[in-house]
$ cat upload-v7.cif   # mmCIF, C-alpha atoms
data_start
loop_
_atom_site.label_atom_id
_atom_site.label_comp_id
_atom_site.auth_asym_id
_atom_site.auth_seq_id
_atom_site.Cartn_x
_atom_site.Cartn_y
_atom_site.Cartn_z
CA MET A 1 62.95 -43.56 -21.72
CA ILE A 2 62.09 -42.06 -18.33
CA THR A 3 64.91 -40.31 -16.54
CA ARG A 4 65.46 -40.49 -12.81
CA ARG A 5 64.74 -36.76 -12.56
CA ASP A 6 61.38 -37.07 -14.37
CA PHE A 7 60.38 -40.10 -12.31
CA LEU A 8 60.98 -38.28 -9.04
CA LYS A 9 59.22 -35.14 -10.28
CA ASN A 10 56.12 -37.04 -11.39
CA SER A 11 56.05 -39.09 -8.20
CA PHE A 12 56.12 -35.98 -6.03
CA THR A 13 53.40 -34.32 -8.09
CA GLY A 14 51.28 -37.44 -7.89
CA VAL A 15 51.68 -37.81 -4.14
CA ALA A 16 51.02 -34.11 -3.61
CA GLY A 17 47.88 -34.35 -5.76
CA LEU A 18 46.60 -37.38 -3.86
CA ALA A 19 47.28 -35.68 -0.54
CA LEU A 20 45.09 -32.74 -1.56
CA PRO A 21 41.72 -33.19 0.15
CA LEU A 22 38.60 -32.78 -1.98
CA ALA A 23 37.46 -30.01 0.36
CA ALA A 24 40.35 -27.83 -0.82
CA ILE A 25 38.93 -27.55 -4.32
CA GLU A 26 35.32 -27.11 -3.24
CA MET A 27 33.64 -23.85 -4.27
CA VAL A 28 32.40 -22.31 -1.01
CA SER A 29 29.09 -20.56 -1.45
CA PRO A 30 28.86 -17.15 0.24
CA GLY A 31 25.66 -18.31 1.96
CA LYS A 32 27.53 -21.12 3.70
CA LEU A 33 30.36 -18.79 4.56
CA PHE A 34 28.05 -16.26 6.22
CA ALA A 35 26.25 -19.07 8.04
CA ALA A 36 29.55 -20.45 9.35
CA LYS A 37 30.49 -17.00 10.61
CA GLY A 38 27.49 -17.18 12.93
CA ASP A 39 25.53 -14.14 11.74
CA LYS A 40 22.59 -16.22 10.56
CA ALA A 41 19.44 -14.49 9.48
CA LYS A 42 16.91 -14.22 12.29
CA VAL A 43 14.21 -12.63 10.19
CA ARG A 44 12.50 -13.86 7.04
CA TRP A 45 9.57 -11.65 6.14
CA VAL A 46 6.40 -13.30 4.84
CA PHE A 47 2.97 -11.98 4.00
CA LEU A 48 -0.46 -13.44 4.60
CA VAL A 49 -3.65 -12.39 2.80
CA ASP A 50 -7.12 -13.45 3.89
CA THR A 51 -9.24 -13.17 0.76
CA TYR A 52 -12.47 -13.74 2.72
CA LYS A 53 -11.89 -10.53 4.66
CA CYS A 54 -10.99 -8.30 1.70
CA VAL A 55 -13.86 -6.07 0.61
CA GLY A 56 -11.98 -4.36 -2.22
CA CYS A 57 -11.94 -0.88 -0.65
CA GLY A 58 -8.48 -0.19 -2.06
CA LEU A 59 -7.32 1.80 0.98
CA CYS A 60 -4.17 -0.35 0.91
CA VAL A 61 -3.36 0.81 -2.62
CA LYS A 62 -3.99 4.45 -1.70
CA ALA A 63 -1.75 4.20 1.37
CA CYS A 64 0.99 2.34 -0.54
CA LYS A 65 1.16 4.94 -3.29
CA ASN A 66 1.40 7.80 -0.81
CA GLU A 67 3.85 6.07 1.49
CA ASN A 68 6.21 4.90 -1.24
CA GLU A 69 6.06 8.02 -3.43
CA ILE A 70 4.55 6.33 -6.45
CA PRO A 71 2.98 9.11 -8.59
CA TYR A 72 -0.69 8.97 -7.60
CA ASP A 73 -2.24 9.46 -11.02
CA ALA A 74 0.19 7.29 -12.96
CA ASN A 75 -1.34 3.91 -13.72
CA VAL A 76 1.37 1.98 -11.88
CA THR A 77 1.28 0.64 -8.36
CA ARG A 78 3.31 -1.62 -6.09
CA THR A 79 0.23 -3.37 -4.75
CA TRP A 80 -3.21 -3.74 -6.24
CA VAL A 81 -6.51 -5.53 -5.67
CA GLU A 82 -8.12 -7.77 -8.26
CA ARG A 83 -11.82 -8.50 -8.46
CA TYR A 84 -12.89 -11.94 -9.64
CA VAL A 85 -16.48 -12.57 -10.66
CA LEU A 86 -17.25 -16.17 -11.62
CA THR A 87 -20.59 -16.48 -13.36
CA LYS A 88 -22.93 -19.46 -13.54
CA ASP A 89 -22.11 -19.98 -17.23
CA GLY A 90 -18.56 -20.97 -16.18
CA LYS A 91 -16.85 -17.74 -17.23
CA VAL A 92 -14.26 -15.89 -15.18
CA HIS A 93 -14.27 -12.10 -15.20
CA ALA A 94 -11.48 -10.20 -13.52
CA ASP A 95 -10.53 -6.54 -13.34
CA SER A 96 -8.51 -4.07 -11.33
CA PRO A 97 -9.26 -0.54 -12.53
CA LYS A 98 -6.32 1.76 -11.62
CA GLY A 99 -5.08 -1.12 -9.44
CA ALA A 100 -8.19 -0.52 -7.28
CA ARG A 101 -6.66 2.73 -6.04
CA ASP A 102 -10.22 4.08 -5.67
CA GLY A 103 -11.77 0.73 -4.79
CA PHE A 104 -14.60 -0.88 -6.72
CA THR A 105 -17.53 1.51 -6.99
CA THR A 106 -19.39 -0.13 -9.85
CA THR A 107 -20.78 -3.57 -10.62
CA ARG A 108 -19.45 -3.32 -14.17
CA ILE A 109 -16.30 -5.24 -15.02
CA ASP A 110 -13.59 -3.22 -16.74
CA GLN A 111 -12.55 -5.26 -19.80
CA ALA A 112 -10.12 -2.64 -21.12
CA SER A 113 -10.51 -2.30 -24.91
CA ALA A 114 -13.58 -4.60 -24.87
CA GLY A 115 -15.46 -2.04 -22.79
CA TYR A 116 -17.49 -2.65 -19.65
CA LEU A 117 -19.48 -5.74 -18.82
CA ASP A 118 -22.49 -5.54 -16.56
CA ILE A 119 -23.15 -8.73 -14.62
CA LYS A 120 -26.46 -9.28 -12.86
CA ASN A 121 -26.28 -10.37 -9.23
CA GLU A 122 -28.32 -13.52 -9.91
CA ASP A 123 -25.77 -14.69 -12.54
CA ILE A 124 -22.87 -14.63 -10.06
CA LYS A 125 -21.64 -17.99 -8.78
CA LYS A 126 -18.70 -16.68 -6.76
CA ALA A 127 -17.14 -13.25 -6.47
CA PHE A 128 -14.30 -12.05 -4.33
CA PHE A 129 -11.29 -9.74 -4.13
CA VAL A 130 -7.63 -10.74 -4.18
CA PRO A 131 -4.94 -8.27 -3.07
CA LYS A 132 -1.63 -8.72 -4.88
CA LEU A 133 1.88 -7.54 -4.08
CA CYS A 134 5.46 -8.70 -4.47
CA ASN A 135 5.85 -12.31 -3.37
CA GLN A 136 9.45 -11.73 -2.16
CA CYS A 137 10.28 -15.13 -3.67
CA GLU A 138 12.91 -17.34 -2.10
CA ASN A 139 14.24 -17.90 -5.66
CA PRO A 140 13.48 -14.54 -7.28
CA PRO A 141 13.68 -14.79 -11.08
CA CYS A 142 13.79 -10.99 -11.33
CA VAL A 143 17.08 -10.95 -9.43
CA GLN A 144 18.53 -13.83 -11.41
CA VAL A 145 18.14 -12.00 -14.72
CA CYS A 146 19.52 -8.62 -13.64
CA PRO A 147 22.68 -8.11 -15.72
CA VAL A 148 24.24 -5.49 -13.45
CA GLY A 149 23.43 -6.55 -9.88
CA ALA A 150 21.03 -3.67 -9.34
CA THR A 151 18.29 -5.83 -7.87
CA TYR A 152 19.09 -8.22 -5.09
CA GLN A 153 17.72 -10.14 -2.17
CA ALA A 154 18.61 -8.94 1.30
CA ALA A 155 19.39 -11.44 4.06
CA ASP A 156 15.81 -11.13 5.41
CA GLY A 157 14.37 -12.22 2.07
CA ILE A 158 13.26 -8.82 0.77
CA VAL A 159 14.05 -8.15 -2.88
CA LEU A 160 15.15 -4.55 -3.43
CA VAL A 161 16.21 -2.41 -6.39
CA ASP A 162 19.23 -0.12 -6.38
CA ARG A 163 18.02 2.97 -8.25
CA THR A 164 21.56 4.28 -8.74
CA TRP A 165 22.71 1.01 -10.30
CA CYS A 166 19.66 0.03 -12.43
CA ILE A 167 20.22 0.59 -16.16
CA GLY A 168 16.52 0.30 -17.02
CA CYS A 169 16.81 -2.71 -19.33
CA GLY A 170 13.50 -4.15 -18.13
CA TYR A 171 14.59 -7.80 -17.98
CA CYS A 172 13.28 -8.10 -14.41
CA ILE A 173 9.89 -6.75 -15.46
CA MET A 174 9.68 -9.48 -18.10
CA ALA A 175 10.99 -12.16 -15.74
CA CYS A 176 8.53 -11.66 -12.87
CA PRO A 177 5.75 -14.25 -13.22
CA TYR A 178 3.51 -12.15 -10.97
CA GLY A 179 3.82 -8.89 -12.89
CA VAL A 180 4.66 -6.86 -9.82
CA ARG A 181 7.48 -4.84 -11.40
CA PHE A 182 7.20 -1.66 -13.41
CA PHE A 183 9.24 1.38 -14.33
CA HIS A 184 9.04 4.25 -11.88
CA PRO A 185 7.63 7.19 -13.88
CA LYS A 186 10.02 9.62 -12.21
CA TYR A 187 13.28 7.69 -11.79
CA HIS A 188 12.89 5.49 -14.91
CA THR A 189 14.29 2.52 -13.02
CA ALA A 190 12.69 -0.79 -12.11
CA GLU A 191 10.32 -0.42 -9.18
CA LYS A 192 8.70 -2.95 -6.91
CA CYS A 193 7.07 -3.58 -3.55
CA THR A 194 9.64 -3.62 -0.73
CA PHE A 195 7.21 -4.76 2.01
CA CYS A 196 7.77 -1.13 3.17
CA TYR A 197 11.37 -1.96 4.12
CA HIS A 198 11.70 1.39 5.90
CA ARG A 199 8.73 0.55 8.14
CA ILE A 200 9.23 -3.15 8.89
CA THR A 201 12.89 -2.62 9.81
CA LYS A 202 11.70 -0.04 12.37
CA GLY A 203 9.18 -2.40 13.94
CA MET A 204 6.17 -0.93 12.15
CA LYS A 205 3.77 -2.77 9.87
CA THR A 206 3.70 -2.10 6.13
CA ALA A 207 1.48 0.77 5.00
CA CYS A 208 -1.00 -1.61 3.32
CA VAL A 209 -1.29 -3.82 6.41
CA SER A 210 -1.99 -0.84 8.68
CA ALA A 211 -4.35 0.79 6.21
CA CYS A 212 -6.55 -2.29 5.86
CA PRO A 213 -9.58 -1.83 8.13
CA PHE A 214 -10.59 -5.50 7.85
CA GLY A 215 -7.33 -7.25 8.74
CA ALA A 216 -7.13 -8.91 5.33
CA ARG A 217 -3.39 -8.28 5.13
CA MET A 218 -0.79 -9.45 7.64
CA ILE A 219 2.99 -9.43 7.72
CA GLY A 220 5.17 -11.65 9.86
CA ASN A 221 8.50 -13.34 10.40
CA ILE A 222 8.42 -17.01 9.42
CA LEU A 223 11.56 -17.73 11.48
CA ASP A 224 9.71 -16.76 14.68
CA PRO A 225 7.51 -19.70 15.75
CA ASN A 226 5.45 -17.43 18.03
CA ASP A 227 4.55 -14.99 15.27
CA PRO A 228 0.75 -15.11 14.67
CA VAL A 229 1.33 -15.13 10.90
CA THR A 230 3.75 -18.06 11.20
CA LYS A 231 1.22 -19.95 13.30
CA ILE A 232 -1.49 -19.52 10.68
CA ILE A 233 0.82 -20.56 7.82
CA MET A 234 1.97 -23.61 9.75
CA THR A 235 -1.43 -24.80 10.96
CA GLU A 236 -4.05 -23.59 8.50
CA ARG A 237 -4.76 -24.22 4.83
CA VAL A 238 -2.95 -21.59 2.82
CA GLY A 239 -1.98 -21.34 -0.83
CA VAL A 240 0.56 -19.46 -2.93
CA LEU A 241 0.38 -18.10 -6.45
CA LYS A 242 1.96 -19.96 -9.39
CA SER A 243 3.90 -22.48 -7.31
CA GLU A 244 4.68 -24.36 -10.55
CA PHE A 245 7.33 -21.74 -11.41
CA GLY A 246 9.51 -22.91 -8.53
CA THR A 247 10.04 -19.38 -7.30
CA LYS A 248 8.91 -20.27 -3.74
CA PRO A 249 6.70 -17.19 -3.27
CA GLN A 250 6.36 -15.91 0.29
CA VAL A 251 2.92 -14.32 0.10
CA TYR A 252 0.41 -16.83 1.42
CA TYR A 253 -3.32 -16.68 0.75
CA ILE A 254 -6.22 -17.96 2.82
CA GLY A 255 -9.16 -18.91 0.61
CA LEU A 256 -7.27 -18.82 -2.67
CA ASP A 257 -9.46 -19.85 -5.58
CA GLU A 258 -8.04 -21.93 -8.42
CA GLU A 259 -9.15 -19.27 -10.91
CA VAL A 260 -6.82 -16.69 -9.38
CA ARG A 261 -3.78 -16.20 -11.56
CA MET B 1 55.65 -13.13 -36.32
CA LYS B 2 54.86 -9.98 -38.20
CA SER B 3 53.70 -6.88 -36.41
CA HIS B 4 50.29 -6.71 -38.14
CA VAL B 5 49.34 -9.77 -36.08
CA TRP B 6 50.58 -8.32 -32.82
CA ARG B 7 49.23 -4.81 -33.25
CA PRO B 8 45.50 -5.66 -32.78
CA LEU B 9 46.45 -7.89 -29.87
CA TYR B 10 48.14 -4.95 -28.15
CA ALA B 11 45.01 -2.91 -28.79
CA VAL B 12 42.83 -5.59 -27.20
CA VAL B 13 45.14 -5.90 -24.20
CA GLY B 14 45.09 -2.12 -23.86
CA ILE B 15 41.30 -1.98 -23.94
CA ILE B 16 41.02 -4.72 -21.30
CA ALA B 17 43.54 -2.89 -19.10
CA LEU B 18 41.52 0.31 -19.50
CA ILE B 19 38.27 -1.44 -18.57
CA LEU B 20 39.88 -2.94 -15.47
CA LEU B 21 41.26 0.47 -14.52
CA VAL B 22 37.88 2.18 -14.94
CA ARG B 23 36.25 -0.60 -12.93
CA VAL B 24 38.57 -0.01 -9.99
CA PHE B 25 37.42 3.61 -9.75
CA TYR B 26 33.79 3.22 -10.87
CA VAL B 27 32.57 0.20 -8.90
CA PRO B 28 31.86 1.10 -5.26
CA LYS B 29 33.88 -0.63 -2.56
CA ASP B 30 30.86 -2.37 -1.00
CA PHE B 31 29.70 -3.84 -4.30
CA GLY B 32 30.05 -7.58 -4.01
CA ILE B 33 28.52 -10.93 -3.25
CA TRP B 34 26.55 -10.80 -0.01
CA GLU B 35 24.47 -13.22 2.06
CA ARG B 36 22.33 -14.68 -0.70
CA GLY B 37 25.24 -15.59 -2.97
CA PHE B 38 26.23 -14.64 -6.49
CA MET B 39 22.86 -15.36 -8.10
CA TYR B 40 20.67 -13.41 -5.67
CA GLY B 41 22.94 -11.38 -3.41
CA TRP B 42 25.26 -9.60 -5.83
CA HIS B 43 24.76 -5.93 -5.02
CA ASN B 44 25.82 -2.66 -3.49
CA LYS B 45 25.46 -3.29 0.28
CA ASP B 46 24.97 0.41 0.91
CA ASN B 47 21.65 0.35 -0.95
CA GLU B 48 19.98 -1.61 1.86
CA GLU B 49 20.49 1.49 4.01
CA PHE B 50 18.81 3.64 1.34
CA TRP B 51 15.62 1.61 1.64
CA LYS B 52 15.83 1.46 5.43
CA ASN B 53 16.13 5.24 5.60
CA PHE B 54 13.26 5.95 3.20
CA PRO B 55 11.00 8.52 4.89
CA VAL B 56 7.97 7.22 6.77
CA LYS B 57 4.77 9.17 6.02
CA TYR B 58 1.94 7.30 7.71
CA LYS B 59 2.05 6.86 11.46
CA PHE B 60 -0.94 4.50 11.46
CA ASP B 61 -1.07 4.80 15.22
CA SER B 62 -4.42 6.11 16.39
CA THR B 63 -3.06 6.65 19.91
CA TYR B 64 -0.90 9.38 18.37
CA CYS B 65 -4.05 11.19 17.21
CA LYS B 66 -5.90 10.49 20.48
CA ASP B 67 -3.76 12.84 22.58
CA CYS B 68 -5.07 16.00 20.91
CA HIS B 69 -8.24 14.83 19.14
CA SER B 70 -9.69 12.75 21.98
CA ASP B 71 -13.30 13.82 21.20
CA LYS B 72 -13.09 12.47 17.65
CA TYR B 73 -11.21 9.40 18.81
CA ASP B 74 -13.72 8.55 21.56
CA SER B 75 -16.61 9.11 19.17
CA ILE B 76 -15.38 6.88 16.35
CA MET B 77 -14.31 4.14 18.73
CA GLN B 78 -18.00 3.61 19.64
CA THR B 79 -18.96 2.91 16.02
CA PRO B 80 -18.23 0.28 13.34
CA HIS B 81 -15.86 2.85 11.81
CA ALA B 82 -13.43 2.19 14.68
CA ILE B 83 -11.62 -0.29 12.41
CA ILE B 84 -10.68 2.50 9.97
CA ASN B 85 -7.37 4.18 10.69
CA CYS B 86 -7.52 7.99 11.05
CA GLU B 87 -4.97 8.52 8.29
CA ASN B 88 -7.03 6.57 5.75
CA CYS B 89 -9.24 9.65 5.41
CA HIS B 90 -7.12 12.40 6.97
CA GLY B 91 -4.00 11.60 4.94
CA PRO B 92 -0.48 10.82 6.09
CA ALA B 93 0.38 12.61 9.33
CA LEU B 94 4.10 13.04 8.55
CA ASP B 95 5.27 15.31 11.39
CA HIS B 96 1.86 16.80 12.10
CA PRO B 97 1.22 19.14 13.92
CA ALA B 98 4.65 20.67 13.19
CA ASN B 99 4.68 19.79 9.50
CA PRO B 100 2.12 19.92 7.98
CA PRO B 101 0.07 21.98 10.46
CA LYS B 102 -3.15 20.99 8.69
CA LEU B 103 -3.93 17.67 7.02
CA THR B 104 -5.91 17.36 3.79
CA ILE B 105 -9.06 15.39 4.55
CA ASP B 106 -10.54 13.17 1.85
CA LYS B 107 -14.24 13.97 2.11
CA SER B 108 -15.11 12.73 -1.37
CA ARG B 109 -18.10 10.47 -2.01
CA GLY B 110 -15.64 8.02 -3.56
CA GLN B 111 -13.91 7.58 -0.21
CA CYS B 112 -17.18 6.37 1.38
CA LEU B 113 -18.19 4.33 -1.68
CA ARG B 114 -15.02 2.26 -1.41
CA CYS B 115 -16.96 0.21 1.12
CA HIS B 116 -20.53 1.48 0.84
CA PHE B 117 -21.14 0.83 -2.82
CA PRO B 118 -23.23 -2.33 -2.60
CA LEU B 119 -21.57 -5.39 -4.15
CA ALA B 120 -23.44 -8.54 -3.11
CA TYR B 121 -20.46 -10.81 -3.68
CA PRO B 122 -20.74 -14.21 -2.06
CA THR B 123 -17.60 -15.37 -0.19
CA SER B 124 -16.43 -11.78 0.26
CA GLY B 125 -16.91 -9.62 3.36
CA ARG B 126 -18.15 -6.87 1.05
CA ALA B 127 -21.62 -8.47 0.92
CA ASN B 128 -22.12 -7.72 4.63
CA ILE B 129 -21.57 -3.95 4.39
CA ARG B 130 -24.61 -1.72 3.96
CA GLY B 131 -24.46 0.30 0.79
CA ILE B 132 -26.27 2.94 -1.23
CA ASP B 133 -26.77 3.54 -4.94
CA PRO B 134 -24.67 6.69 -5.51
CA GLU B 135 -26.75 7.69 -8.52
CA LYS B 136 -30.01 7.74 -6.55
CA HIS B 137 -28.89 8.60 -3.02
CA ASN B 138 -28.45 12.41 -2.94
CA PRO B 139 -26.02 12.60 -5.87
CA GLY B 140 -23.50 15.43 -5.87
CA ILE B 141 -23.53 16.00 -2.13
CA GLU B 142 -20.69 15.08 0.19
CA CYS B 143 -21.73 12.19 2.45
CA ALA B 144 -20.44 14.10 5.48
CA MET B 145 -23.17 16.72 4.94
CA CYS B 146 -25.63 14.31 6.60
CA HIS B 147 -23.54 11.49 8.03
CA ASN B 148 -20.86 12.20 10.60
CA PRO B 149 -18.04 9.80 9.70
CA HIS B 150 -16.98 9.68 13.35
CA ASN B 151 -20.50 8.65 14.31
CA PRO B 152 -22.03 7.39 11.09
CA LYS B 153 -25.56 6.50 12.28
CA LEU B 154 -28.06 8.98 10.83
CA GLY B 155 -29.34 9.79 14.30
CA GLY B 156 -25.88 10.95 15.28
CA SER B 157 -25.52 13.29 12.33
CA LYS B 158 -24.38 16.85 12.74
#

$ encode --input "upload-v7.cif" --output "structure tokens"
Amino acid sequence: MITRRDFLKNSFTGVAGLALPLAAIEMVSPGKLFAAKGDKAKVRWVFLVDTYKCVGCGLCVKACKNENEIPYDANVTRTWVERYVLTKDGKVHADSPKGARDGFTTTRIDQASAGYLDIKNEDIKKAFFVPKLCNQCENPPCVQVCPVGATYQAADGIVLVDRTWCIGCGYCIMACPYGVRFFHPKYHTAEKCTFCYHRITKGMKTACVSACPFGARMIGNILDPNDPVTKIIMTERVGVLKSEFGTKPQVYYIGLDEEVR
Amino acid sequence: MKSHVWRPLYAVVGIIALILLVRVFYVPKDFGIWERGFMYGWHNKDNEEFWKNFPVKYKFDSTYCKDCHSDKYDSIMQTPHAIINCENCHGPALDHPANPPKLTIDKSRGQCLRCHFPLAYPTSGRANIRGIDPEKHNPGIECAMCHNPHNPKLGGSK
């Protein structure tokens, strides 16, 4: 038997509930909140690599290691250059000795434990160099897996690592499909390419871009329609690495071969 | 209910309270969810400044070198080596000439062989650069003994 008191109580609750707009229980994402506040990002850094221009000199790797204080003789590097030699028998040979810190000064392919492979010039179908660096993904899997919030994406798209907050678990190193992360030999924390954050935020180019004598590397702001890099990405045929992972990588390649992984 | 049921519960509540207390003091004030949301933007805001303030080593501005070393600058600008930045061989300038007063120049054969080891790779610009076989071409001698890197044609050697 419903009492008068209960009936009134339930009616009021019901009416109050119906009056509540759906918007009131919506989870507001911080992105939307920051956008509504008006301080929208004006910069989104992107990178462009022209693989036709790269000669594999490795001056970019040398400059990067010096600029970013990556121990020079340790076999880790934030950027590296890969050599691909496709032979007429359909095989793909790739190497990057010391990340191409000293360039490629031999025709022999470094096959690690399998030794060196000498390929005759007449057997080569295609051969080229591919510089690699952090893709500064729009959906960075390395950031997603960090259990402590030590790695993050800044508003301009650059993924950074907080050395004071990193616990060195290595999840991000496993998560990166491009293999750009490693442990810093000195700080023992996750380390990665920052697009030389200290240089680009001061209006300079990254160390690798400036070091490249052939203009194979370029950095730009995709939100600026007049940026030469943006113009190339918007009007020319460019590719990205491992698009199937859905990470939306932001390093674009001109002349990317399907064999490049 | 008997106390042996409540006692562990008190312990758990105490531990949670302790964790919350430690968190208040340990977690920095600017640690939170920033522009890119919880999944990608959860971090210590202050750390962005750390990376912005990282020291710059390379100037990569040849006009900086030109003021004092105009002879070298004018010479190299006439040659195909004009595309190479000074600091690629001379090392990062830092605050040169104040600090360091003298730069360490990379005169090694390896530095030249980065480009001048012949690799006839089709579809790569490398195929168009003239090269030498380092095992046959005066092994053991620095390239700069004969070739002036600022004016690399043999006729212009020192």

$ closest_atom_pairs --input "upload-v7.cif" --of "chain B" --to "chain A" --cutoff "6 Å" --atoms "only C-alpha atoms" --output "JSON lines"
{"residue": "B:Glu35", "atom": "CA", "partner": "A:Gly31", "partner_atom": "CA", "distance": 5.2}
{"residue": "B:Arg36", "atom": "CA", "partner": "A:Gly31", "partner_atom": "CA", "distance": 5.6}
{"residue": "B:Gly37", "atom": "CA", "partner": "A:Pro30", "partner_atom": "CA", "distance": 5.1}
{"residue": "B:Met39", "atom": "CA", "partner": "A:Gln144", "partner_atom": "CA", "distance": 5.7}
{"residue": "B:Tyr40", "atom": "CA", "partner": "A:Tyr152", "partner_atom": "CA", "distance": 5.5}
{"residue": "B:Gly41", "atom": "CA", "partner": "A:Tyr152", "partner_atom": "CA", "distance": 5.3}
{"residue": "B:Trp42", "atom": "CA", "partner": "A:Gly149", "partner_atom": "CA", "distance": 5.4}
{"residue": "B:His43", "atom": "CA", "partner": "A:Gly149", "partner_atom": "CA", "distance": 5.1}
{"residue": "B:Asn47", "atom": "CA", "partner": "A:Asp162", "partner_atom": "CA", "distance": 6.0}
{"residue": "B:Trp51", "atom": "CA", "partner": "A:His198", "partner_atom": "CA", "distance": 5.8}
{"residue": "B:Lys52", "atom": "CA", "partner": "A:His198", "partner_atom": "CA", "distance": 4.2}
{"residue": "B:Asn53", "atom": "CA", "partner": "A:His198", "partner_atom": "CA", "distance": 5.9}
{"residue": "B:Phe54", "atom": "CA", "partner": "A:His198", "partner_atom": "CA", "distance": 5.5}
{"residue": "B:Lys57", "atom": "CA", "partner": "A:Glu67", "partner_atom": "CA", "distance": 5.6}
{"residue": "B:Ile83", "atom": "CA", "partner": "A:Pro213", "partner_atom": "CA", "distance": 5.0}
{"residue": "B:Ile84", "atom": "CA", "partner": "A:Pro213", "partner_atom": "CA", "distance": 4.8}
{"residue": "B:Arg114", "atom": "CA", "partner": "A:Cys57", "partner_atom": "CA", "distance": 4.5}
{"residue": "B:Cys115", "atom": "CA", "partner": "A:Cys57", "partner_atom": "CA", "distance": 5.4}
{"residue": "B:Phe117", "atom": "CA", "partner": "A:Thr105", "partner_atom": "CA", "distance": 5.6}
{"residue": "B:Tyr121", "atom": "CA", "partner": "A:Ala127", "partner_atom": "CA", "distance": 5.0}
{"residue": "B:Pro122", "atom": "CA", "partner": "A:Lys126", "partner_atom": "CA", "distance": 5.7}
{"residue": "B:Ser124", "atom": "CA", "partner": "A:Tyr52", "partner_atom": "CA", "distance": 5.1}
{"residue": "B:Gly125", "atom": "CA", "partner": "A:Lys53", "partner_atom": "CA", "distance": 5.3}
{"residue": "B:Arg126", "atom": "CA", "partner": "A:Val55", "partner_atom": "CA", "distance": 4.4}

$ closest_residue --input "upload-v7.cif" --among "A:Thr230, A:Asn10, A:Gln136, A:Thr87" --to "Thr247 of chain A" --atoms "only C-alpha atoms"
A:Gln136

$ resolve_selection --input "upload-v7.cif" --expression "the PyMOL selection byres ((chain A and resi 47) around 8)" --output "PyMOL selection string"
chain A and resi 45-46+48-49+135+217-220+229+250-252

$ atom_distance --input "upload-v7.cif" --atom1 "atom CA of Pro134 of chain B" --atom2 "atom CA of Pro131 of chain A"
24.9 Å

$ atom_distance --input "upload-v7.cif" --atom1 "atom CA of Thr79 of chain A" --atom2 "atom CA of Gly99 of chain A"
7.4 Å

$ axis_aligned_box --input "upload-v7.cif" --around "segment 5-15 of chain A" --padding-each-side "3 Å" --output "AutoDock Vina command-line options"
--center_x 58.0 --center_y -37.2 --center_z -9.3 --size_x 19.5 --size_y 11.8 --size_z 16.2

$ atom_distance --input "upload-v7.cif" --atom1 "atom CA of Met77 of chain B" --atom2 "atom CA of Val56 of chain B"
25.5 Å

$ residues_around --input "upload-v7.cif" --residues "Lys242 of chain A" --least-positions-apart "2" --cutoff "8 Å" --atoms "all atoms listed in the file" --output "PyMOL selection string"
chain A and resi 177+240+244-245+261

$ resolve_selection --input "upload-v7.cif" --expression "the PyMOL selection byres ((chain B and resi 58) around 6)" --output "ChimeraX atom specification"
/B:57,59-60,92-93

$ write_last_selection --input "upload-v7.cif" --atoms "C-alpha atoms" --output "short mmCIF file (atom, residue, chain, number, x, y, z; two decimals), keeping the file's coordinate frame"
data_model
loop_
_atom_site.label_atom_id
_atom_site.label_comp_id
_atom_site.auth_asym_id
_atom_site.auth_seq_id
_atom_site.Cartn_x
_atom_site.Cartn_y
_atom_site.Cartn_z
CA LYS B 57 4.77 9.17 6.02
CA LYS B 59 2.05 6.86 11.46
CA PHE B 60 -0.94 4.50 11.46
CA PRO B 92 -0.48 10.82 6.09
CA ALA B 93 0.38 12.61 9.33
#

$ resolve_selection --input "upload-v7.cif" --expression "the PyMOL selection byres ((chain B and resi 100-107) around 10)" --output "PyMOL selection string"
chain B and resi 86-99+108-112+142-145+149

$ build_atoms --input "upload-v7.cif" --residues "segment 137-144 of chain B" --atoms "N, CA and C atoms" --output "compact mmCIF listing (two decimals), in the coordinates of the input"
# COMPACT_ATOMS: atom_id res chain seq x y z
N HIS B 137 -28.94 8.11 -4.39
CA HIS B 137 -28.89 8.60 -3.02
C HIS B 137 -28.17 9.95 -2.96
N ASN B 138 -28.97 11.04 -3.02
CA ASN B 138 -28.45 12.41 -2.94
C ASN B 138 -27.17 12.64 -3.74
N PRO B 139 -27.25 12.44 -5.09
CA PRO B 139 -26.02 12.60 -5.87
C PRO B 139 -25.47 14.03 -5.80
N GLY B 140 -24.15 14.13 -5.84
CA GLY B 140 -23.50 15.43 -5.87
C GLY B 140 -23.24 16.05 -4.52
N ILE B 141 -23.73 15.44 -3.47
CA ILE B 141 -23.53 16.00 -2.13
C ILE B 141 -22.51 15.14 -1.38
N GLU B 142 -21.65 15.82 -0.64
CA GLU B 142 -20.69 15.08 0.19
C GLU B 142 -21.46 14.29 1.27
N CYS B 143 -21.04 13.04 1.47
CA CYS B 143 -21.73 12.19 2.45
C CYS B 143 -21.73 12.83 3.83
N ALA B 144 -20.60 13.53 4.15
CA ALA B 144 -20.44 14.10 5.48
C ALA B 144 -21.41 15.24 5.76
